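**Q** The structure is given below, and queries will be raised subsequently.
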Amino acid sequence: MKHLIFDKMGTSLSFSEYSESNGWYALKKALKMDPEDVVLEVKASNLVGRGGAGFPMGLKMGFVAEKSSPTKYIVCNADEGEPGTFKDRELLSRNPLKVVEGMIIAAYGIGAKKGYLYVRGEYSDQKKVIAQAIEDARTAGYLGHNIKGSGFDFDIEYRSGTGAYVCGEETALIESIEGRSGDPRIKPPYTADEGLWGEPTLVNNVETLVNLLPIMTLGAETYKTYGTEKSTGTKLFSVSGSVKNRGVYEVPFGITLRELIYDHCGGVEGDGRIKFVQIGGSSGVVLPESMLDIELSYEAFGAINAGLGSGAVLVADESVCVIDFLKATAAFFEHESCGKCTPCREGNRHIASILNNLGKGIGSAVDCDTLKRTCHVMKEASFCGLGQAAPTAVLSTIEHFRDEMVAHIDGKCATGVCALPEGGGR
Amino acid sequence: MSLVNLTINGRELAIEEGTTILNAAKAANIHIPTLCHHPDLEVKANCRVCVAEVKGSKNLQATCLTKVQEGMVVETRNKRVREARRIIVELILANHDQNCTTCHSNGVCELQNLTEELNVTENRYENVLSPLPIVAGNPSVVRDMNKCIKCGRCVQVCNDVQKVGAIYNIGRSTEMRMGPAYDYDLSQASCTYCGQCINVCPVGAIYEQNDITKVLDAIEDKSKHVIAQIAPSVRVSIGEMFGQAPGSVVTGKMPAVLREIGFDKVFDTDFTADLTILEEGTELLGRLKNGGTLPMLTSCSPGWINYIEQFYPELTDHLSTCKSPQQMFGALAKTYYANKINKKPEDIVVVSFMPCTAKKFEAGREEMRTDGVPDVDYALTTREFGEMIRMMGYDLNDLESQAFDEPFGITTGAGVIFGASGGVMEAALRTVYEVVTGEELENINLTMVRGLQGVKEATVKVGDLDVKVAVTNSLKNAKSVLDLIKAGKADYHFVEIMCCLGGCIGGGGQPKPTTNAVRLQRIEGIYTADEKMTIRKSHKNPAVTQLYEDFLGEPNSHKSHELLHTVYFDRKK
């Protein structure tokens, strides 16, 4: 299978190697087009944003492109904080120039003269690599004034996060760039209207921007031959957990989850059986083994009221206790909530507390209802996507593994992971 | 503006475009409960209590934030919405110190009311409150974060209205809290003790240092001669604590009740407000004549004094050297008055009733004492005043009005209007005009300096000089004038600066709620009271004239300087 993202120029190429192996081809092609045509091409490709929300990229670009404001910004969201997600890390480490090139193409399309690349605080190695890539691109005239004689001016500044998960949310990220604590903003106004420093701003995930390269190089029509009708192109999946070969895989949309795990990742470690798979990171849905034949596409996940999120695939075999697993998820969100709104600030701690108790065999059947009720309110009434998505794993686990959870109260942990008092808790 | 058609709870409405669902519902008499929402502050949508169902939206929507749209179908009270609100309130309560009976806000608590309104009679969540120490390291404002519900109003008022920035959201998730950096006490932060955070707090998380018991103990002590002074704005707000409408003028009820409680004499701070006009007016004329530092800035608002000392100490030369009316009163009480009644200063206890929390700090200042004896012993807020009355078993409404005691009870309308933004300026101009020109001012209602507008400007012809004045209220607006002065762009002669929005009627010690709507009603009360006074100009106050003749000599005399004027410090933090 041919890759669109991890192609031959995909592996830690130096600036000259990149330039010699067809690097900058997409940009050069774009710069010869009218900016409007670049946006039209992206629209025609049906590219969907890869950050998790699944918004059509062409539409988003169009919103900013049509703004008459003389100052516009593009922000590359490289604050990859979703647990189990490490695909942008790969792109930043091995393909930094592709990220830079993608940003320039997008900036040209929307008419932005300044871009910010916001890198996750923990990615110290990647920060060095990307800073070097920006520097190299600038030295070679791909950034700065009158890029390659095109008359287009654009430059990129890179900024580092300091570890808050919520800064992956686009408005919190913008707050952080502006120098404030990363609290999400009230929407509307949307970033396309009033984003960074109040100006129209396009905020995109790293992978989304890199996808602009094959779209420009191959053209939208060829690009669309990859994937499904509604989920075009390929997707990077970060596969971790109980699989033989963990790592980042680029596969076309439309293959099944089972195919990804067994055909690409070599199946389950120790040849055990899969108990469940969590898709999209800690804020993603938990699917039992019986649902592994689901197609990996936005439409298939939309049909079950879920999302592909960031494309993280956490595989859990039968040695994993669902309570033990959820405890870790809940602890993560209790730590990462910004604390602004009631459901997320207060809800996560009660979810964590109930799960911790269940892990000790303490609780009653009512607790599962309290869990569910709390999750529902968080999902329905939280201020931002963090709080709305935080209870996804708990809700889907209750749906599929309620009996195993409740059994803990009777002193039974199916996997023996939880140390429960003999004869049940209270 | 065009109208938008929508349906709320099955009722068809046509509402102006741009209106929030919350306000649209309100216009149709459909009540949506709120908690973090405040009529005078920007929408935050933090608490999520106001959520409702909007057809077509996957999630519930915060109605304080969501604007009406054509064809929108909203449901504000079905089971889904009720259950969500209920859980949100339960979650808040599970992390809230529910010792309501001993809470400062018992009875005026918005959370208490909301819990009752939503019929939340049990909490299915485990109590997760981890007790934090109550922080009370200053004379004015106490913070009990066990009560805090993280609505964010205090942070808004401190940063957006006052631009002081003493408190912020610190920490995140369950650790998120409102307070000074590093969990310092407010005294270590740049707090001005304006107390506006108290006024907007929906619960009892922030309140004033309570000095009621100390005052009652002093009254109990028969060796002490306890006297009261009451600030101008208190007469139009204290009635609210006894069910009266904001702005009701209850001047005569106050001496009546204080005499019942056991005060030996009850005086009026309006008297020293009149005195301030003579001292400050003379100082201004002196500066104009002798090329002194201009513009001259008023100095009666202690929160404002804290602000300039902490943020712009390089500009304190602009401040009038006059003490505030509260402190002028204290200084006179313990000298002139003490002599008159033949008592030692230490045997006189001066209690002031003020709209203000910063007055407590001011009363405690080192330079406001004589030989270690404070000029003002206790400064109680309007709220404490009301609480004290209730505690002693009185209802203000039951008492017949009485007059203040002499000599510090003879006052003018000019003294009364000190209570509202623009009042000091108006009172000063009423006097300065007549002193300079020797002519009677025809229209003494200088309405251009009245009201809630942030910066008010006027030019008044006084003799040969066009006196350019400005009036600001709330520290955000004080800052804008200070920045102009700093940039050399302020061509004013005289600027009245009040710390709080609306002036003292909007002070941090006033009854809750103090919203802008309430402020406007109190302002109306102030000018009504002014118009009812027989004498409306400070220089016409016979008791003030007598005081100069008997004791002070003349305005800005050596004696005046010793007792009625002060110095300022660089307290930059």
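To be explicit about the labels: the chains of the structure tokens are called A, B, and onward in the order shown, and within each one the residues are counted from 1, while ligands get numbers from 1 in the order they are shown.
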Dump as CSV the rows for residues of region 105-175 of chain A within 10 Å of region 336-352 of chain A: closest atom pair and distance in Å with one decimal, only C-alpha atoms counted, ordered by chain and rising residue number.
**A**
```
residue,atom,partner,partner_atom,distance
A:Gly163,CA,A:Glu336,CA,9.4
A:Ala164,CA,A:Glu336,CA,6.6
A:Tyr165,CA,A:Glu336,CA,5.9
A:Val166,CA,A:Glu336,CA,6.7
A:Cys167,CA,A:Cys338,CA,9.5
A:Ala172,CA,A:Cys338,CA,9.7
```
**Q** Just list as a PyMOL selection string whatever in region 166-343 of chain B DSSP marks as helix (DSSP H, G or I).
**A** chain B and resi 173-175+181-183+196-200+212-220+232-236+238-242+253-261+269-290+302-311+313-318+325-341
**Q** Calculated over only C-alpha atoms, which of the candidates A:Lys113, A:Asp293, A:Pro184, A:Tyr298 has the smallest distance to chain B?
**A**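 Nearest candidate to chain B out of A:Lys113, A:Asp293, A:Pro184, A:Tyr298: A:Pro184.
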**Q** Could the residues of chain B within 9 Å of chain A, counting only C-alpha atoms, be given as a ChimeraX atom specification, please?
**A** /B:43-49,51,58-62,65-66,83-85,87-89,91-92,94-95,124-126,128,149-152,169,171-177
**Q** Per DSSP on the backbone, filter region 249-447 of chain B down to the residues in strand (DSSP E or B) and report them as a VMD selection string.
**A** chain B and resid 265 to 268 296 to 297 319 322 348 to 354 369 to 370 373 to 374 378 to 381
**Q** From the set A:Val243, A:Leu386, A:Leu287, A:Val394, which residue has the shortest atom-to-atom contact distance to Gly270 (chain A), counting only C-alpha atoms?
**A**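 Of A:Val243, A:Leu386, A:Leu287, A:Val394, the one nearest Gly270 (chain A) is A:Val243, counting only C-alpha atoms.
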**Q** Quick one: of B:Ser401, B:Thr447, B:Ser57, B:Thr34, who's nearest to Glu110 (chain B), counting only C-alpha atoms?
**A**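 Checking each candidate against Glu110 (chain B), we get B:Thr34 as the closest.
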**Q** Which residues come within 12 Å of Leu552 (chain B), counting only C-alpha atoms, excluding same-chain residues fewer than 6 positions away, as a list in words?
**A**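 Surrounding residues, per the criterion: Leu275, Leu278, Glu279, Leu332, Thr335, Tyr336, Val544, Thr545, Gln546, His558, Lys559, Ser560, His561, Glu562, Leu563 and Leu564 of chain B.
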**Q** Measure the distance from CA of Asp144 (chain B) to CA of Ala205 (chain B) in Å and round it to one decimal.
**A** 4.8 Å
**Q** Can you tell me which residues surround Lys67 (chain A) at a distance of at most 9 Å, considering only C-alpha atoms, apart from same-chain residues fewer than 2 positions away, and format the answer as JSON, numbers by chain?
**A** {"A": [62, 63, 64, 65, 69, 70, 72, 110, 192, 193, 200]}
**Q** Can you tell me, as a ChimeraX atom specification, what residues are no more than 9 Å from Ile398 (chain A) when counting only C-alpha atoms, ignoring any on the same chain fewer than 5 positions away?
**A** /A:368,371-372,393,403,405
**Q** With N, CA and C atoms retained, could you export that selection as a PDB file, in the first residue's frame?
**A**
```pdb
ATOM      1  N   CYS A 368     -22.967   2.860  40.476  1.00  0.00           N
ATOM      2  CA  CYS A 368     -22.918   2.807  39.022  1.00  0.00           C
ATOM      3  C   CYS A 368     -23.894   3.815  38.430  1.00  0.00           C
ATOM      4  N   LEU A 371     -22.386   7.225  38.941  1.00  0.00           N
ATOM      5  CA  LEU A 371     -21.351   7.389  37.915  1.00  0.00           C
ATOM      6  C   LEU A 371     -21.977   7.823  36.602  1.00  0.00           C
ATOM      7  N   LYS A 372     -22.993   7.093  36.213  1.00  0.00           N
ATOM      8  CA  LYS A 372     -23.644   7.328  34.935  1.00  0.00           C
ATOM      9  C   LYS A 372     -24.267   8.722  34.887  1.00  0.00           C
ATOM     10  N   ALA A 393     -15.220   7.304  28.180  1.00  0.00           N
ATOM     11  CA  ALA A 393     -14.727   5.955  28.472  1.00  0.00           C
ATOM     12  C   ALA A 393     -15.572   5.299  29.559  1.00  0.00           C
ATOM     13  N   ASP A 403     -21.556  -5.465  34.515  1.00  0.00           N
ATOM     14  CA  ASP A 403     -21.546  -6.583  35.455  1.00  0.00           C
ATOM     15  C   ASP A 403     -20.170  -6.759  36.084  1.00  0.00           C
ATOM     16  N   MET A 405     -17.979  -4.504  36.539  1.00  0.00           N
ATOM     17  CA  MET A 405     -17.739  -3.398  37.474  1.00  0.00           C
ATOM     18  C   MET A 405     -18.449  -3.650  38.792  1.00  0.00           C
TER      19      MET A 405
END
```
**Q** Got a sec: who's within 9 Å of Glu295 (chain A), counting only C-alpha atoms, leaving out chain neighbours fewer than 2 positions off, as a PyMOL selection string?
**A** chain A and resi 253-258+292-293+297-301
**Q** Find the residues around Asn146 (chain A) up to 12 Å (only C-alpha atoms counted), leave out those fewer than 5 positions away in its own chain, and share them as a PDB file with C-alpha atoms, in the first residue's frame.
**A**
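Below you can see out.pdb, which holds the result:
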```pdb
ATOM      1  CA  LEU A  31       2.230  29.212  -4.752  1.00  0.00           C
ATOM      2  CA  TYR A 108      -1.073  31.063   1.660  1.00  0.00           C
ATOM      3  CA  LYS A 113       1.389  36.299   7.276  1.00  0.00           C
ATOM      4  CA  ARG A 138      13.891  30.498   6.703  1.00  0.00           C
ATOM      5  CA  ALA A 140      16.531  28.715   2.363  1.00  0.00           C
ATOM      6  CA  GLY A 141      13.899  31.359   1.694  1.00  0.00           C
ATOM      7  CA  GLY A 151       5.378  37.801  -3.366  1.00  0.00           C
ATOM      8  CA  PHE A 152       3.939  35.945  -0.378  1.00  0.00           C
ATOM      9  CA  ASP A 153       5.310  36.818   3.066  1.00  0.00           C
ATOM     10  CA  PHE A 154       4.973  34.362   5.903  1.00  0.00           C
ATOM     11  CA  ASP A 155       6.903  33.355   8.958  1.00  0.00           C
TER      12      ASP A 155
END
```
**Q** Any idea what the distance is between CA of Gly272 (chain A) and CA of Asn245 (chain A)?
**A**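 Straight-line distance from CA of Gly272 (chain A) to CA of Asn245 (chain A) works out to 14.1 Å.
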**Q** What does the distance between CA of Gly10 (chain B) and CA of Glu53 (chain B) come to in Å, to one decimal place?
**A**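 It comes out at 12.4 Å.
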